[in-house]
Every structure is written in C-alpha cells, then in structure tokens.
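Next up, work.cif (mmCIF, N, CA and C atoms):
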data_start
#
loop_
_atom_site.group_PDB
_atom_site.id
_atom_site.type_symbol
_atom_site.label_atom_id
_atom_site.label_comp_id
_atom_site.auth_asym_id
_atom_site.auth_seq_id
_atom_site.Cartn_x
_atom_site.Cartn_y
_atom_site.Cartn_z
ATOM 1 N N MET T 99 22.291 -45.383 18.403
ATOM 2 C CA MET T 99 21.361 -45.107 19.472
ATOM 3 C C MET T 99 19.997 -44.846 18.862
ATOM 4 N N LYS T 100 18.972 -45.394 19.451
ATOM 5 C CA LYS T 100 17.622 -45.256 18.953
ATOM 6 C C LYS T 100 16.787 -44.486 19.970
ATOM 7 N N ILE T 101 16.114 -43.428 19.502
ATOM 8 C CA ILE T 101 15.254 -42.622 20.374
ATOM 9 C C ILE T 101 13.823 -43.055 20.117
ATOM 10 N N THR T 102 13.148 -43.505 21.148
ATOM 11 C CA THR T 102 11.796 -44.026 20.970
ATOM 12 C C THR T 102 10.721 -43.131 21.561
ATOM 13 N N ASP T 103 11.025 -42.358 22.584
ATOM 14 C CA ASP T 103 10.012 -41.560 23.268
ATOM 15 C C ASP T 103 10.174 -40.078 22.908
ATOM 16 N N ILE T 104 9.793 -39.717 21.668
ATOM 17 C CA ILE T 104 9.943 -38.332 21.223
ATOM 18 C C ILE T 104 8.888 -37.434 21.858
ATOM 19 N N GLN T 105 7.706 -37.933 22.053
ATOM 20 C CA GLN T 105 6.610 -37.121 22.579
ATOM 21 C C GLN T 105 6.489 -37.203 24.100
ATOM 22 N N GLY T 106 7.549 -37.459 24.778
ATOM 23 C CA GLY T 106 7.521 -37.543 26.238
ATOM 24 C C GLY T 106 7.294 -36.184 26.870
ATOM 25 N N THR T 107 7.151 -36.146 28.170
ATOM 26 C CA THR T 107 6.860 -34.909 28.881
ATOM 27 C C THR T 107 7.987 -33.907 28.759
ATOM 28 N N GLY T 108 9.208 -34.362 28.679
ATOM 29 C CA GLY T 108 10.338 -33.447 28.555
ATOM 30 C C GLY T 108 10.291 -32.666 27.259
ATOM 31 N N VAL T 109 9.935 -33.319 26.164
ATOM 32 C CA VAL T 109 9.856 -32.649 24.867
ATOM 33 C C VAL T 109 8.699 -31.652 24.853
ATOM 34 N N SER T 110 7.567 -32.030 25.375
ATOM 35 C CA SER T 110 6.404 -31.136 25.410
ATOM 36 C C SER T 110 6.686 -29.900 26.249
ATOM 37 N N GLN T 111 7.344 -30.114 27.400
ATOM 38 C CA GLN T 111 7.667 -28.983 28.273
ATOM 39 C C GLN T 111 8.658 -28.051 27.584
ATOM 40 N N LEU T 112 9.666 -28.609 26.935
ATOM 41 C CA LEU T 112 10.655 -27.804 26.226
ATOM 42 C C LEU T 112 9.995 -27.022 25.092
ATOM 43 N N GLN T 113 9.095 -27.685 24.367
ATOM 44 C CA GLN T 113 8.404 -27.015 23.259
ATOM 45 C C GLN T 113 7.550 -25.860 23.779
ATOM 46 N N SER T 114 6.874 -26.032 24.887
ATOM 47 C CA SER T 114 6.059 -24.966 25.472
ATOM 48 C C SER T 114 6.924 -23.794 25.912
ATOM 49 N N GLU T 115 8.068 -24.093 26.508
ATOM 50 C CA GLU T 115 8.974 -23.036 26.949
ATOM 51 C C GLU T 115 9.525 -22.252 25.758
ATOM 52 N N GLN T 116 9.881 -22.970 24.688
ATOM 53 C CA GLN T 116 10.411 -22.299 23.498
ATOM 54 C C GLN T 116 9.342 -21.439 22.833
ATOM 55 N N THR T 117 8.118 -21.930 22.782
ATOM 56 C CA THR T 117 7.022 -21.163 22.192
ATOM 57 C C THR T 117 6.770 -19.894 22.990
ATOM 58 N N ALA T 118 6.805 -19.994 24.312
ATOM 59 C CA ALA T 118 6.602 -18.821 25.161
ATOM 60 C C ALA T 118 7.744 -17.826 24.985
ATOM 61 N N ALA T 119 8.963 -18.326 24.851
ATOM 62 C CA ALA T 119 10.121 -17.438 24.683
ATOM 63 C C ALA T 119 10.045 -16.700 23.347
ATOM 64 N N VAL T 120 9.685 -17.402 22.292
ATOM 65 C CA VAL T 120 9.550 -16.756 20.980
ATOM 66 C C VAL T 120 8.411 -15.754 21.012
ATOM 67 N N GLY T 121 7.316 -16.100 21.674
ATOM 68 C CA GLY T 121 6.179 -15.188 21.776
ATOM 69 C C GLY T 121 6.528 -13.915 22.515
ATOM 70 N N SER T 122 7.345 -14.024 23.548
ATOM 71 C CA SER T 122 7.708 -12.824 24.300
ATOM 72 C C SER T 122 8.639 -11.923 23.493
ATOM 73 N N ARG T 123 9.463 -12.494 22.632
ATOM 74 C CA ARG T 123 10.360 -11.684 21.793
ATOM 75 C C ARG T 123 9.608 -11.004 20.663
ATOM 76 N N THR T 124 8.591 -11.669 20.114
ATOM 77 C CA THR T 124 7.871 -11.112 18.966
ATOM 78 C C THR T 124 6.609 -10.372 19.365
ATOM 79 N N GLY T 125 6.252 -10.435 20.628
ATOM 80 C CA GLY T 125 5.049 -9.750 21.085
ATOM 81 C C GLY T 125 3.798 -10.579 20.895
ATOM 82 N N LYS T 126 3.955 -11.816 20.481
ATOM 83 C CA LYS T 126 2.803 -12.689 20.302
ATOM 84 C C LYS T 126 2.572 -13.479 21.579
ATOM 85 N N THR T 127 1.341 -13.818 21.816
ATOM 86 C CA THR T 127 1.033 -14.615 22.995
ATOM 87 C C THR T 127 1.106 -16.084 22.643
ATOM 88 N N SER T 128 1.139 -16.909 23.655
ATOM 89 C CA SER T 128 1.222 -18.340 23.417
ATOM 90 C C SER T 128 -0.118 -18.929 23.022
ATOM 91 N N ALA T 129 -1.164 -18.091 22.912
ATOM 92 C CA ALA T 129 -2.477 -18.590 22.510
ATOM 93 C C ALA T 129 -2.465 -19.052 21.067
ATOM 94 N N ALA T 130 -1.602 -18.483 20.252
ATOM 95 C CA ALA T 130 -1.501 -18.905 18.865
ATOM 96 C C ALA T 130 -0.660 -20.163 18.814
ATOM 97 N N SER T 131 -1.250 -21.227 18.343
ATOM 98 C CA SER T 131 -0.559 -22.506 18.304
ATOM 99 C C SER T 131 0.314 -22.592 17.071
ATOM 100 N N PRO T 132 1.595 -22.938 17.225
ATOM 101 C CA PRO T 132 2.466 -23.025 16.060
ATOM 102 C C PRO T 132 2.110 -24.203 15.175
ATOM 103 N N SER T 133 1.324 -25.161 15.684
ATOM 104 C CA SER T 133 0.990 -26.336 14.895
ATOM 105 C C SER T 133 -0.193 -26.098 13.965
ATOM 106 N N THR T 134 -0.846 -24.923 14.025
ATOM 107 C CA THR T 134 -1.986 -24.672 13.144
ATOM 108 C C THR T 134 -1.559 -24.470 11.708
ATOM 109 N N GLY T 135 -0.343 -24.003 11.491
ATOM 110 C CA GLY T 135 0.157 -23.813 10.139
ATOM 111 C C GLY T 135 -0.364 -22.558 9.467
ATOM 112 N N ALA T 136 -1.113 -21.738 10.169
ATOM 113 C CA ALA T 136 -1.674 -20.523 9.575
ATOM 114 C C ALA T 136 -0.847 -19.322 9.992
ATOM 115 N N ASP T 137 -0.522 -18.485 9.015
ATOM 116 C CA ASP T 137 0.182 -17.244 9.304
ATOM 117 C C ASP T 137 -0.829 -16.119 9.394
ATOM 118 N N ASN T 138 -0.554 -15.164 10.225
ATOM 119 C CA ASN T 138 -1.448 -14.017 10.388
ATOM 120 C C ASN T 138 -0.682 -12.748 10.081
ATOM 121 N N ILE T 139 -1.360 -11.804 9.426
ATOM 122 C CA ILE T 139 -0.780 -10.487 9.225
ATOM 123 C C ILE T 139 -1.767 -9.454 9.724
ATOM 124 N N VAL T 140 -1.249 -8.342 10.152
ATOM 125 C CA VAL T 140 -2.091 -7.251 10.617
ATOM 126 C C VAL T 140 -1.753 -6.034 9.765
ATOM 127 N N VAL T 141 -2.770 -5.460 9.130
ATOM 128 C CA VAL T 141 -2.581 -4.309 8.263
ATOM 129 C C VAL T 141 -3.085 -3.072 8.991
ATOM 130 N N SER T 142 -2.278 -2.035 9.013
ATOM 131 C CA SER T 142 -2.649 -0.818 9.723
ATOM 132 C C SER T 142 -3.751 -0.077 8.964
ATOM 133 N N ASP T 143 -4.401 0.836 9.662
ATOM 134 C CA ASP T 143 -5.440 1.651 9.033
ATOM 135 C C ASP T 143 -4.854 2.500 7.911
ATOM 136 N N GLN T 144 -3.641 2.992 8.110
ATOM 137 C CA GLN T 144 -2.991 3.810 7.083
ATOM 138 C C GLN T 144 -2.718 2.973 5.828
ATOM 139 N N ALA T 145 -2.304 1.728 6.011
ATOM 140 C CA ALA T 145 -2.053 0.859 4.858
ATOM 141 C C ALA T 145 -3.346 0.570 4.115
ATOM 142 N N ARG T 146 -4.440 0.356 4.850
ATOM 143 C CA ARG T 146 -5.745 0.132 4.200
ATOM 144 C C ARG T 146 -6.171 1.367 3.412
ATOM 145 N N LEU T 147 -5.950 2.546 3.988
ATOM 146 C CA LEU T 147 -6.298 3.790 3.312
ATOM 147 C C LEU T 147 -5.475 3.958 2.036
ATOM 148 N N MET T 148 -4.190 3.652 2.121
ATOM 149 C CA MET T 148 -3.332 3.760 0.944
ATOM 150 C C MET T 148 -3.754 2.761 -0.136
ATOM 151 N N GLN T 149 -4.145 1.566 0.265
ATOM 152 C CA GLN T 149 -4.599 0.563 -0.697
ATOM 153 C C GLN T 149 -5.884 1.034 -1.367
ATOM 154 N N ARG T 150 -6.796 1.583 -0.612
ATOM 155 C CA ARG T 150 -8.062 2.083 -1.173
ATOM 156 C C ARG T 150 -7.794 3.248 -2.133
ATOM 157 N N ALA T 151 -6.886 4.150 -1.762
ATOM 158 C CA ALA T 151 -6.536 5.273 -2.638
ATOM 159 C C ALA T 151 -5.944 4.763 -3.950
ATOM 160 N N ALA T 152 -5.108 3.744 -3.873
ATOM 161 C CA ALA T 152 -4.516 3.168 -5.087
ATOM 162 C C ALA T 152 -5.591 2.555 -5.982
ATOM 163 N N GLU T 153 -6.590 1.924 -5.379
ATOM 164 C CA GLU T 153 -7.692 1.350 -6.156
ATOM 165 C C GLU T 153 -8.484 2.445 -6.872
ATOM 166 N N VAL T 154 -8.774 3.534 -6.155
ATOM 167 C CA VAL T 154 -9.540 4.641 -6.746
ATOM 168 C C VAL T 154 -8.752 5.278 -7.884
ATOM 169 N N ILE T 155 -7.458 5.481 -7.666
ATOM 170 C CA ILE T 155 -6.616 6.063 -8.713
ATOM 171 C C ILE T 155 -6.569 5.152 -9.930
ATOM 172 N N GLY T 156 -6.505 3.853 -9.685
ATOM 173 C CA GLY T 156 -6.486 2.896 -10.791
ATOM 174 C C GLY T 156 -7.761 2.910 -11.617
ATOM 175 N N GLN T 157 -8.874 3.277 -10.998
ATOM 176 C CA GLN T 157 -10.151 3.307 -11.698
ATOM 177 C C GLN T 157 -10.428 4.656 -12.356
ATOM 178 N N THR T 158 -9.630 5.663 -12.042
ATOM 179 C CA THR T 158 -9.828 7.002 -12.586
ATOM 180 C C THR T 158 -9.143 7.104 -13.946
ATOM 181 N N PRO T 159 -9.860 7.588 -14.952
ATOM 182 C CA PRO T 159 -9.236 7.694 -16.273
ATOM 183 C C PRO T 159 -8.126 8.751 -16.290
ATOM 184 N N ASP T 160 -7.127 8.532 -17.134
ATOM 185 C CA ASP T 160 -6.003 9.463 -17.236
ATOM 186 C C ASP T 160 -6.399 10.756 -17.950
ATOM 187 N N VAL T 161 -7.388 10.680 -18.824
ATOM 188 C CA VAL T 161 -7.788 11.829 -19.625
ATOM 189 C C VAL T 161 -9.233 12.177 -19.291
ATOM 190 N N ARG T 162 -9.476 13.454 -19.036
ATOM 191 C CA ARG T 162 -10.852 13.920 -18.825
ATOM 192 C C ARG T 162 -11.420 14.268 -20.197
ATOM 193 N N GLN T 163 -12.000 13.280 -20.839
ATOM 194 C CA GLN T 163 -12.429 13.397 -22.225
ATOM 195 C C GLN T 163 -13.441 14.511 -22.438
ATOM 196 N N ASP T 164 -14.325 14.768 -21.490
ATOM 197 C CA ASP T 164 -15.303 15.839 -21.646
ATOM 198 C C ASP T 164 -14.612 17.203 -21.757
ATOM 199 N N LYS T 165 -13.571 17.398 -20.965
ATOM 200 C CA LYS T 165 -12.822 18.655 -21.020
ATOM 201 C C LYS T 165 -12.057 18.781 -22.345
ATOM 202 N N VAL T 166 -11.452 17.683 -22.781
ATOM 203 C CA VAL T 166 -10.723 17.685 -24.052
ATOM 204 C C VAL T 166 -11.665 17.992 -25.205
ATOM 205 N N ASP T 167 -12.835 17.376 -25.189
ATOM 206 C CA ASP T 167 -13.808 17.597 -26.267
ATOM 207 C C ASP T 167 -14.263 19.050 -26.326
ATOM 208 N N SER T 168 -14.537 19.650 -25.159
ATOM 209 C CA SER T 168 -15.011 21.038 -25.164
ATOM 210 C C SER T 168 -13.909 21.993 -25.636
ATOM 211 N N LEU T 169 -12.668 21.750 -25.224
ATOM 212 C CA LEU T 169 -11.559 22.595 -25.684
ATOM 213 C C LEU T 169 -11.316 22.424 -27.183
ATOM 214 N N GLN T 170 -11.390 21.201 -27.651
ATOM 215 C CA GLN T 170 -11.176 20.935 -29.073
ATOM 216 C C GLN T 170 -12.258 21.616 -29.914
ATOM 217 N N GLN T 171 -13.475 21.590 -29.428
ATOM 218 C CA GLN T 171 -14.571 22.236 -30.136
ATOM 219 C C GLN T 171 -14.350 23.753 -30.175
ATOM 220 N N ALA T 172 -13.916 24.344 -29.062
ATOM 221 C CA ALA T 172 -13.667 25.787 -29.027
ATOM 222 C C ALA T 172 -12.534 26.167 -29.973
ATOM 223 N N VAL T 173 -11.478 25.357 -30.039
ATOM 224 C CA VAL T 173 -10.366 25.631 -30.960
ATOM 225 C C VAL T 173 -10.855 25.541 -32.405
ATOM 226 N N ASN T 174 -11.621 24.508 -32.715
ATOM 227 C CA ASN T 174 -12.123 24.320 -34.089
ATOM 228 C C ASN T 174 -13.058 25.452 -34.520
ATOM 229 N N GLN T 175 -13.818 25.998 -33.574
ATOM 230 C CA GLN T 175 -14.746 27.083 -33.893
ATOM 231 C C GLN T 175 -14.065 28.451 -33.856
ATOM 232 N N GLY T 176 -12.832 28.501 -33.368
ATOM 233 C CA GLY T 176 -12.110 29.757 -33.282
ATOM 234 C C GLY T 176 -12.523 30.617 -32.102
ATOM 235 N N THR T 177 -13.176 30.020 -31.119
ATOM 236 C CA THR T 177 -13.641 30.789 -29.950
ATOM 237 C C THR T 177 -12.742 30.606 -28.729
ATOM 238 N N TYR T 178 -11.701 29.788 -28.860
ATOM 239 C CA TYR T 178 -10.803 29.561 -27.718
ATOM 240 C C TYR T 178 -9.791 30.691 -27.625
ATOM 241 N N SER T 179 -9.660 31.238 -26.422
ATOM 242 C CA SER T 179 -8.639 32.261 -26.214
ATOM 243 C C SER T 179 -7.896 31.936 -24.922
ATOM 244 N N ALA T 180 -6.580 31.994 -25.009
ATOM 245 C CA ALA T 180 -5.745 31.690 -23.844
ATOM 246 C C ALA T 180 -5.337 32.987 -23.166
ATOM 247 N N ASP T 181 -5.176 32.937 -21.858
ATOM 248 C CA ASP T 181 -4.678 34.070 -21.086
ATOM 249 C C ASP T 181 -3.159 34.074 -21.235
ATOM 250 N N THR T 182 -2.647 34.931 -22.110
ATOM 251 C CA THR T 182 -1.223 34.931 -22.440
ATOM 252 C C THR T 182 -0.343 35.273 -21.236
ATOM 253 N N GLN T 183 -0.812 36.143 -20.366
ATOM 254 C CA GLN T 183 -0.045 36.489 -19.165
ATOM 255 C C GLN T 183 0.106 35.271 -18.259
ATOM 256 N N LYS T 184 -0.975 34.508 -18.093
ATOM 257 C CA LYS T 184 -0.951 33.318 -17.247
ATOM 258 C C LYS T 184 -0.035 32.248 -17.850
ATOM 259 N N VAL T 185 -0.082 32.088 -19.167
ATOM 260 C CA VAL T 185 0.779 31.116 -19.845
ATOM 261 C C VAL T 185 2.246 31.508 -19.670
ATOM 262 N N ALA T 186 2.567 32.767 -19.859
ATOM 263 C CA ALA T 186 3.944 33.246 -19.725
ATOM 264 C C ALA T 186 4.452 33.056 -18.292
ATOM 265 N N ASN T 187 3.637 33.396 -17.316
ATOM 266 C CA ASN T 187 4.035 33.219 -15.914
ATOM 267 C C ASN T 187 4.291 31.746 -15.591
ATOM 268 N N SER T 188 3.442 30.892 -16.119
ATOM 269 C CA SER T 188 3.605 29.460 -15.887
ATOM 270 C C SER T 188 4.883 28.927 -16.525
ATOM 271 N N MET T 189 5.187 29.399 -17.739
ATOM 272 C CA MET T 189 6.411 28.979 -18.415
ATOM 273 C C MET T 189 7.653 29.409 -17.637
ATOM 274 N N ILE T 190 7.647 30.636 -17.149
ATOM 275 C CA ILE T 190 8.789 31.148 -16.380
ATOM 276 C C ILE T 190 8.931 30.371 -15.068
ATOM 277 N N ALA T 191 7.839 30.115 -14.398
ATOM 278 C CA ALA T 191 7.882 29.366 -13.137
ATOM 279 C C ALA T 191 8.437 27.963 -13.361
ATOM 280 N N ASN T 192 8.022 27.313 -14.430
ATOM 281 C CA ASN T 192 8.522 25.981 -14.733
ATOM 282 C C ASN T 192 10.014 25.985 -15.042
ATOM 283 N N MET T 193 10.473 27.006 -15.772
ATOM 284 C CA MET T 193 11.890 27.104 -16.098
ATOM 285 C C MET T 193 12.720 27.308 -14.832
ATOM 286 N N LEU T 194 12.237 28.122 -13.910
ATOM 287 C CA LEU T 194 12.970 28.382 -12.682
ATOM 288 C C LEU T 194 13.016 27.148 -11.782
ATOM 289 N N MET T 195 11.981 26.349 -11.799
ATOM 290 C CA MET T 195 11.929 25.141 -10.980
ATOM 291 C C MET T 195 12.883 24.071 -11.494
ATOM 292 N N GLU T 196 13.131 24.053 -12.790
ATOM 293 C CA GLU T 196 14.000 23.039 -13.373
ATOM 294 C C GLU T 196 15.456 23.250 -13.006
ATOM 295 N N ARG T 197 15.827 24.447 -12.636
ATOM 296 C CA ARG T 197 17.234 24.738 -12.314
ATOM 297 C C ARG T 197 17.608 24.258 -10.990
#

Starting from the coordinates I provided, produce the structure as structure tokens.
Amino acid sequence: MKITDIQGTGVSQLQSEQTAAVGSRTGKTSAASPSTGADNIVVSDQARLMQRAAEVIGQTPDVRQDKVDSLQQAVNQGTYSADTQKVANSMIANMLMER
C-alpha cells in the first residue's frame, strides 16, 4: 500500500490536536511551534542567585594573604599572643561536636 497524501487536512488536524493535548499536560501553550526546533528553559530567580553566588565564591581566594602575612610577622617578631582561654574553649567545643 502506498500513502501519497501525508500532508492532507486530516494529518494537520490530528497534529494540531496532539500539540494542544501535549501543551495542556505540560502547561505550555500551542503558541510555541514544535517545528521550530528550539528548546526553551526557564531559570528561577533563586537559581540565578545561586549561580551568581557560586561565581563570586569561585573568584574569592581561599587564603586571606594579608591576614596571614600580618600574623606571620607578629610571630616572627615575638609579639603574637593567643588568648589561651578562647583556644581551650574552642578545642573543647570541637571535641564535643565530633561525638
């Protein structure tokens, strides 16, 4: 059997009905033509914010070199003094959190 009239009115009507049915299930309108071949995505404001935060974090250095340099200089000069009570409290808090 040979089919010659593929683009007849019956096929066009069926295609329009199927496009409308798919659009109603996915929330898309029939204004978007399936023959354009272009896909669309919608990114939420929260996703854009998260992407921007990731970019900023990626550009931020891991080490604050100015702080390291000043501490290293104080240690080398013998002028650095640590708050032993604060260090001890921090050590105990960390040990308790690990359990």

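If you look at atom C of Tyr178 of chain T and atom CA of Val166 of chain T, they are 13.5 Å away from each other.
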
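Backbone DSSP assigns helix (DSSP H, G or I) in segment 129-162 of chain T to T:Pro132, T:Ser133, T:Thr134, T:Asp143, T:Gln144, T:Ala145, T:Arg146, T:Leu147, T:Met148, T:Gln149, T:Arg150, T:Ala151, T:Ala152, T:Glu153, T:Val154, T:Ile155, T:Gly156, T:Gln157.
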
Once 8 Å is added on each side, what centre and edge lengths in Å to one decimal does the axis-aligned box around all listed atoms of segment 181-192 of chain T have, as JSON?
{"center_x": 2.4, "center_y": 31.2, "center_z": -17.8, "size_x": 31.2, "size_y": 26.5, "size_z": 25.3}

Item to complete: Just give me the gap between atom CA of Ile155 of chain T and atom CA of Ile139 of chain T in Å, one decimal is fine.
Response: 25.1 Å
